[in-house]
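Asker: The following file, run.csv, comprises CSV, C-alpha atoms:
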```
chain,number,residue,atom,x,y,z
A,1210,MET,CA,-112.0,-10.7,23.4
A,1211,PRO,CA,-112.7,-14.0,21.7
A,1212,GLU,CA,-115.2,-14.4,18.9
A,1213,ILE,CA,-118.4,-16.1,19.9
A,1214,TYR,CA,-120.2,-17.7,16.9
A,1215,VAL,CA,-123.9,-17.0,17.3
A,1216,SER,CA,-125.7,-19.5,15.0
A,1217,THR,CA,-129.1,-18.0,14.3
A,1218,ASP,CA,-132.2,-19.2,12.6
A,1219,VAL,CA,-135.4,-17.2,12.1
A,1220,GLU,CA,-138.9,-18.4,11.0
A,1221,THR,CA,-141.0,-15.9,9.2
A,1222,ASP,CA,-144.3,-15.4,7.4
A,1223,GLY,CA,-142.6,-14.2,4.2
A,1224,PRO,CA,-139.3,-13.4,2.5
A,1225,VAL,CA,-139.0,-9.6,3.1
A,1226,ALA,CA,-137.9,-8.1,6.5
A,1227,GLY,CA,-140.1,-5.3,7.6
A,1228,LYS,CA,-142.8,-6.2,5.1
A,1229,HIS,CA,-143.3,-9.6,6.6
A,1230,SER,CA,-143.0,-10.7,10.2
A,1231,MET,CA,-140.3,-12.6,12.0
A,1232,LEU,CA,-142.3,-15.3,13.9
A,1233,SER,CA,-139.5,-16.7,15.9
A,1234,ILE,CA,-135.7,-16.4,16.5
A,1235,GLY,CA,-133.3,-18.9,17.9
A,1236,SER,CA,-129.7,-18.4,18.6
A,1237,ALA,CA,-127.0,-20.7,19.9
A,1238,ALA,CA,-123.7,-19.1,21.1
A,1239,LEU,CA,-120.8,-21.4,20.4
A,1240,ALA,CA,-117.1,-21.4,21.1
A,1241,PRO,CA,-115.0,-22.5,18.1
A,1242,ASP,CA,-114.6,-25.9,19.8
A,1243,MET,CA,-118.4,-26.4,19.7
A,1244,ALA,CA,-118.9,-25.7,23.4
A,1245,MET,CA,-122.4,-24.4,23.8
A,1246,LEU,CA,-122.2,-21.2,25.8
A,1247,SER,CA,-125.8,-20.2,25.8
A,1248,THR,CA,-129.0,-20.2,23.9
A,1249,PHE,CA,-131.7,-17.7,23.2
A,1250,SER,CA,-135.2,-18.1,21.7
A,1251,ALA,CA,-138.3,-16.0,21.3
A,1252,ASN,CA,-141.6,-16.2,19.5
A,1253,LEU,CA,-142.8,-12.8,18.3
A,1254,GLU,CA,-146.1,-11.2,17.7
A,1255,THR,CA,-146.6,-10.3,14.0
A,1256,LEU,CA,-146.0,-6.7,12.8
A,1257,PRO,CA,-149.1,-4.5,12.8
A,1258,GLY,CA,-150.6,-4.3,9.4
A,1259,SER,CA,-148.3,-6.9,7.8
A,1260,VAL,CA,-149.8,-9.6,5.6
A,1261,PRO,CA,-148.2,-13.0,5.3
A,1262,ASP,CA,-146.8,-14.1,2.0
A,1263,SER,CA,-149.2,-16.6,0.3
A,1264,ARG,CA,-146.4,-19.0,-0.7
A,1265,THR,CA,-144.9,-19.0,2.8
A,1266,ALA,CA,-148.4,-19.5,4.4
A,1267,ALA,CA,-148.9,-22.5,2.1
A,1268,TRP,CA,-145.5,-23.9,3.2
A,1269,TRP,CA,-146.4,-23.4,6.9
A,1270,LEU,CA,-149.5,-25.6,6.3
A,1271,THR,CA,-147.1,-28.5,5.6
A,1272,GLN,CA,-145.3,-27.9,9.0
A,1273,PRO,CA,-148.1,-28.0,11.6
A,1274,GLN,CA,-145.8,-28.9,14.5
A,1275,ALA,CA,-143.2,-26.2,13.8
A,1276,TRP,CA,-146.1,-23.7,13.3
A,1277,SER,CA,-147.6,-24.6,16.7
A,1278,VAL,CA,-144.2,-24.2,18.4
A,1279,CYS,CA,-143.5,-20.7,16.9
A,1280,ARG,CA,-147.0,-19.4,17.9
A,1281,ARG,CA,-146.7,-20.2,21.6
A,1282,ASN,CA,-145.8,-17.6,24.3
A,1283,LEU,CA,-145.7,-14.6,22.0
A,1284,GLU,CA,-143.8,-11.5,22.9
A,1285,SER,CA,-143.8,-8.1,21.4
A,1286,PRO,CA,-140.9,-7.5,19.0
A,1287,ARG,CA,-139.6,-4.7,21.2
A,1288,ASP,CA,-139.5,-6.9,24.3
A,1289,ALA,CA,-138.0,-9.9,22.4
A,1290,MET,CA,-135.3,-7.8,20.7
A,1291,THR,CA,-134.4,-5.9,23.9
A,1292,ARG,CA,-133.9,-9.3,25.6
A,1293,TYR,CA,-131.9,-10.4,22.6
A,1294,VAL,CA,-129.5,-7.4,22.8
A,1295,ALA,CA,-129.0,-8.0,26.5
A,1296,TRP,CA,-128.3,-11.7,25.9
A,1297,LEU,CA,-125.8,-10.8,23.1
A,1298,LYS,CA,-124.0,-8.3,25.3
A,1299,ALA,CA,-123.7,-10.8,28.2
A,1300,LEU,CA,-121.8,-13.3,26.0
A,1301,PRO,CA,-118.1,-13.7,27.0
A,1302,GLY,CA,-116.8,-12.4,23.7
A,1303,LYS,CA,-117.6,-10.5,20.5
A,1304,PRO,CA,-120.7,-12.0,18.7
A,1305,VAL,CA,-120.3,-13.1,15.1
A,1306,PHE,CA,-123.6,-13.9,13.3
A,1307,VAL,CA,-123.6,-17.3,11.6
A,1308,ALA,CA,-126.5,-18.7,9.5
A,1309,TYR,CA,-127.5,-20.9,6.7
A,1310,PRO,CA,-128.3,-18.8,4.7
A,1311,THR,CA,-127.2,-15.6,6.1
A,1312,ALA,CA,-128.7,-13.7,3.2
A,1313,PHE,CA,-132.2,-14.7,4.6
A,1314,ASP,CA,-131.7,-14.6,8.3
A,1315,PHE,CA,-129.5,-11.6,8.8
A,1316,PRO,CA,-131.7,-9.0,7.1
A,1317,PHE,CA,-134.6,-10.0,9.5
A,1318,VAL,CA,-132.4,-9.9,12.6
A,1319,TYR,CA,-130.8,-6.6,11.5
A,1320,TRP,CA,-134.1,-4.9,10.7
A,1321,TYR,CA,-135.7,-6.1,14.0
A,1322,LEU,CA,-132.7,-5.0,16.0
A,1323,ALA,CA,-132.7,-1.6,14.4
A,1324,GLU,CA,-136.4,-1.1,14.6
A,1325,PHE,CA,-137.1,-2.4,18.1
A,1326,ALA,CA,-133.8,-2.3,20.0
A,1327,GLY,CA,-132.1,0.6,18.4
A,1328,GLU,CA,-128.7,-1.2,18.2
A,1329,ASN,CA,-127.1,-4.2,16.6
A,1330,PRO,CA,-124.3,-5.8,18.6
A,1331,PHE,CA,-123.2,-7.8,15.5
A,1332,GLY,CA,-122.4,-4.8,13.4
A,1333,TYR,CA,-121.8,-6.4,10.0
A,1334,SER,CA,-120.0,-9.4,11.3
A,1335,ALA,CA,-121.8,-12.2,9.6
A,1336,ILE,CA,-120.7,-15.6,8.2
A,1337,ASP,CA,-122.7,-17.6,5.7
A,1338,ILE,CA,-122.2,-21.3,6.2
A,1339,LYS,CA,-122.8,-22.3,2.6
A,1340,THR,CA,-120.3,-19.7,1.4
A,1341,TYR,CA,-117.8,-21.1,3.9
A,1342,SER,CA,-118.4,-24.6,2.6
A,1343,MET,CA,-117.7,-23.3,-0.9
A,1344,ALA,CA,-114.3,-22.1,0.2
A,1345,LEU,CA,-113.5,-25.3,2.0
A,1346,MET,CA,-114.8,-27.7,-0.7
A,1347,ARG,CA,-113.4,-25.6,-3.5
A,1348,LYS,CA,-116.6,-26.0,-5.6
A,1349,PRO,CA,-119.1,-23.6,-7.1
A,1350,TYR,CA,-121.6,-22.1,-4.6
A,1351,ARG,CA,-124.6,-24.0,-6.0
A,1352,MET,CA,-122.7,-27.3,-5.6
A,1353,CYS,CA,-122.2,-26.8,-1.8
A,1354,GLY,CA,-125.5,-27.6,-0.2
A,1355,LYS,CA,-125.8,-29.9,2.8
A,1356,ARG,CA,-126.2,-33.0,0.5
A,1357,SER,CA,-122.8,-32.5,-1.0
A,1358,MET,CA,-121.0,-31.7,2.3
A,1359,PRO,CA,-118.7,-34.3,3.9
A,1360,ALA,CA,-120.6,-36.6,6.3
A,1361,GLU,CA,-118.2,-35.7,9.2
A,1362,TRP,CA,-119.5,-32.1,9.0
A,1363,LEU,CA,-123.1,-33.1,9.6
A,1364,ASP,CA,-124.1,-34.2,13.1
A,1365,PRO,CA,-127.1,-36.4,13.5
A,1366,VAL,CA,-129.4,-33.7,14.8
A,1367,PRO,CA,-132.8,-33.0,13.3
A,1368,HIS,CA,-133.8,-30.0,11.2
A,1369,THR,CA,-137.2,-29.3,12.6
A,1370,HIS,CA,-138.0,-25.7,11.4
A,1371,VAL,CA,-138.1,-24.7,15.1
A,1372,ALA,CA,-135.7,-21.8,15.2
A,1373,LEU,CA,-133.6,-22.8,18.2
A,1374,ASP,CA,-133.3,-26.5,17.0
A,1375,ASP,CA,-132.2,-25.3,13.6
A,1376,ALA,CA,-129.8,-22.8,15.0
A,1377,ILE,CA,-128.1,-25.5,17.1
A,1378,GLU,CA,-127.9,-27.9,14.2
A,1379,GLN,CA,-126.4,-25.2,11.9
A,1380,GLY,CA,-124.0,-24.1,14.6
A,1381,ARG,CA,-122.7,-27.6,15.0
A,1382,LEU,CA,-122.2,-27.8,11.3
A,1383,PHE,CA,-120.3,-24.5,11.3
A,1384,CYS,CA,-118.0,-25.7,14.2
A,1385,ASN,CA,-117.3,-29.0,12.4
A,1386,MET,CA,-116.3,-27.0,9.3
A,1387,LEU,CA,-114.0,-24.8,11.5
A,1388,LYS,CA,-112.4,-28.0,12.8
A,1389,ALA,CA,-112.0,-29.3,9.3
A,1390,ASN,CA,-110.2,-26.1,8.4
A,1391,ARG,CA,-107.8,-26.7,11.3
A,1392,MET,CA,-108.8,-23.4,12.9
A,1393,VAL,CA,-109.5,-25.3,16.1
A,1394,GLY,CA,-106.9,-27.3,17.9
```
Starting from the file, give its structure as structure tokens.
Answerer:
Amino acid sequence: MPEIYVSTDVETDGPVAGKHSMLSIGSAALAPDMAMLSTFSANLETLPGSVPDSRTAAWWLTQPQAWSVCRRNLESPRDAMTRYVAWLKALPGKPVFVAYPTAFDFPFVYWYLAEFAGENPFGYSAIDIKTYSMALMRKPYRMCGKRSMPAEWLDPVPHTHVALDDAIEQGRLFCNMLKANRMVG
């Protein structure tokens, strides 16, 4: 089965999965040649008894449009993650989690899948885009942010802090990096 790169972005009300709530999830399933196979998005109800992180709440005040988008059409975490697992299993290949940064997004997705769906179709298959850029650029990790990446890796798509928009943007970045690494013909 081919690998399907599932670029994923989450929006949360704090930095710690399980303590804080995942407010929204967006995933774009991409083939290595950047063909968009499918997308998934959901806005989630907050966890019972959870309290938003004060710094994250202050940051959300600077993003009123993105906040408004992630608070529409809320689903229970169980319903959203059950739909997510079904979506992942319907992809035409093995899903590989891709994010920027994976260290933030993957713990939320992993915890929510374990807690509400009882399974994780990714296993531990996860790629961090910034780490991959470090390998391609042959520079220290902290010198490999988007500002230092080659222009041809960055498509002119907005970073809106809407989970699905950002997942698509970051997935395109990852596929451009794959192309630069000559993994794609």
Asker: Might you pull out every residue within 10 Å of Thr1255 of chain A, with all atoms listed in the file counted and same-chain residues fewer than 6 positions away left off, and present them as a PyMOL selection string?
Answerer: chain A and resi 1221-1222+1229-1233+1261+1280+1283-1286
Asker: Smallest atom-to-atom distance to Ser1342 of chain A: which of A:Ala1237, A:Ala1244, A:Leu1363, A:Ala1326, using all atoms listed in the file?
Answerer: A:Leu1363
Asker: Expressed in Å to a single decimal, how great is the separation between atom CA of Leu1387 of chain A and atom CA of Ile1213 of chain A?
Answerer: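 Atom-to-atom, atom CA of Leu1387 of chain A and atom CA of Ile1213 of chain A are spaced 12.9 Å apart.
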Asker: Please, what distance in Å, to one decimal, runs between atom CA of Tyr1350 of chain A and atom CA of Phe1313 of chain A?
Answerer: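 For atom CA of Tyr1350 of chain A relative to atom CA of Phe1313 of chain A, the distance reads 15.9 Å.
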Asker: List the spatial neighbours of segment 1297-1299 of chain A as a VMD selection string - criterion: any atom at most 9 Å away, all atoms listed in the file, same-chain residues fewer than 3 positions off excluded.
Answerer: chain A and resid 1215 1238 1292 to 1294 1302 to 1304 1330 to 1331
Asker: For atom CA of Tyr1321 of chain A and atom CA of Thr1217 of chain A, determine how far apart the two atoms are, in Å to one decimal place.
Answerer: 13.6 Å
Asker: When distances are computed from only C-alpha atoms, which of A:Met1290, A:Ala1389, A:Ala1323, A:Leu1300 shows the smallest separation from Ala1344 of chain A?
Answerer: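 Using only C-alpha atoms, Ala1344 of chain A sits closest to A:Ala1389.
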Asker: Would you mind telling me which residue in A:Met1352, A:Val1366, A:Ala1289, A:Val1371 lies nearest to Leu1322 of chain A when using all atoms listed in the file?
Answerer: A:Ala1289
Asker: Counting all atoms listed in the file, figure out which residue out of A:Thr1271, A:Ser1259, A:Asn1252, A:Asn1385 gets nearest to Ala1226 of chain A.
Answerer: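 Nearest to Ala1226 of chain A: A:Ser1259.
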Asker: With distances taken over all atoms listed in the file, which of A:Val1305, A:Met1243, A:Asn1329, A:Gly1227 is nearest to Asp1364 of chain A?
Answerer: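 Using all atoms listed in the file, Asp1364 of chain A sits closest to A:Met1243.
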Asker: For each of A:Val1278, A:Phe1383, A:Gly1332, A:Leu1239, take the minimum atom-to-atom distance to Leu1345 of chain A, counting all atoms listed in the file, then give the residue where this is smallest.
Answerer: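 Nearest candidate to Leu1345 of chain A out of A:Val1278, A:Phe1383, A:Gly1332, A:Leu1239: A:Phe1383.
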Asker: Can you tell me, as a PyMOL selection string, which residues sit within 12 Å of (-142.0, -23.1, 21.4) in the file's frame, using only C-alpha atoms?
Answerer: chain A and resi 1220+1232-1235+1249-1253+1274-1284+1369-1374
Asker: Could I get segment 1338-1387 of chain A from the block written as a CSV table (one decimal), in the first residue's frame, with C-alpha atoms?
Answerer:
```
chain,number,residue,atom,x,y,z
A,1338,ILE,CA,8.3,19.2,8.6
A,1339,LYS,CA,10.8,21.4,10.3
A,1340,THR,CA,13.0,18.4,11.1
A,1341,TYR,CA,12.8,17.3,7.5
A,1342,SER,CA,13.8,20.8,6.4
A,1343,MET,CA,16.8,20.5,8.7
A,1344,ALA,CA,18.0,17.4,6.9
A,1345,LEU,CA,17.4,18.9,3.5
A,1346,MET,CA,19.0,22.2,4.2
A,1347,ARG,CA,21.8,20.7,6.3
A,1348,LYS,CA,21.5,23.4,9.0
A,1349,PRO,CA,20.8,23.4,12.7
A,1350,TYR,CA,17.2,22.9,13.7
A,1351,ARG,CA,16.6,26.4,14.9
A,1352,MET,CA,17.8,27.8,11.6
A,1353,CYS,CA,15.2,25.9,9.6
A,1354,GLY,CA,12.0,27.9,10.1
A,1355,LYS,CA,9.8,28.9,7.2
A,1356,ARG,CA,11.6,32.2,6.8
A,1357,SER,CA,14.9,30.4,6.0
A,1358,MET,CA,13.4,27.8,3.6
A,1359,PRO,CA,13.8,28.1,-0.1
A,1360,ALA,CA,11.1,30.1,-1.8
A,1361,GLU,CA,10.2,27.3,-4.2
A,1362,TRP,CA,9.1,25.2,-1.2
A,1363,LEU,CA,6.5,27.8,-0.1
A,1364,ASP,CA,3.3,28.0,-2.1
A,1365,PRO,CA,1.4,31.3,-1.9
A,1366,VAL,CA,-1.4,30.1,0.3
A,1367,PRO,CA,-2.4,31.8,3.5
A,1368,HIS,CA,-1.7,30.7,7.1
A,1369,THR,CA,-5.0,31.6,8.7
A,1370,HIS,CA,-5.0,29.6,11.9
A,1371,VAL,CA,-8.0,27.7,10.6
A,1372,ALA,CA,-7.0,24.1,11.0
A,1373,LEU,CA,-7.9,22.8,7.6
A,1374,ASP,CA,-6.4,25.9,5.8
A,1375,ASP,CA,-3.1,25.4,7.7
A,1376,ALA,CA,-3.1,21.7,7.1
A,1377,ILE,CA,-3.3,22.2,3.4
A,1378,GLU,CA,-0.6,24.9,3.4
A,1379,GLN,CA,1.7,22.7,5.4
A,1380,GLY,CA,1.0,19.7,3.3
A,1381,ARG,CA,1.9,21.6,0.1
A,1382,LEU,CA,5.1,22.7,1.8
A,1383,PHE,CA,5.9,19.1,2.7
A,1384,CYS,CA,5.2,17.8,-0.8
A,1385,ASN,CA,7.4,20.6,-2.3
A,1386,MET,CA,10.2,19.4,0.0
A,1387,LEU,CA,9.7,15.8,-1.1
```
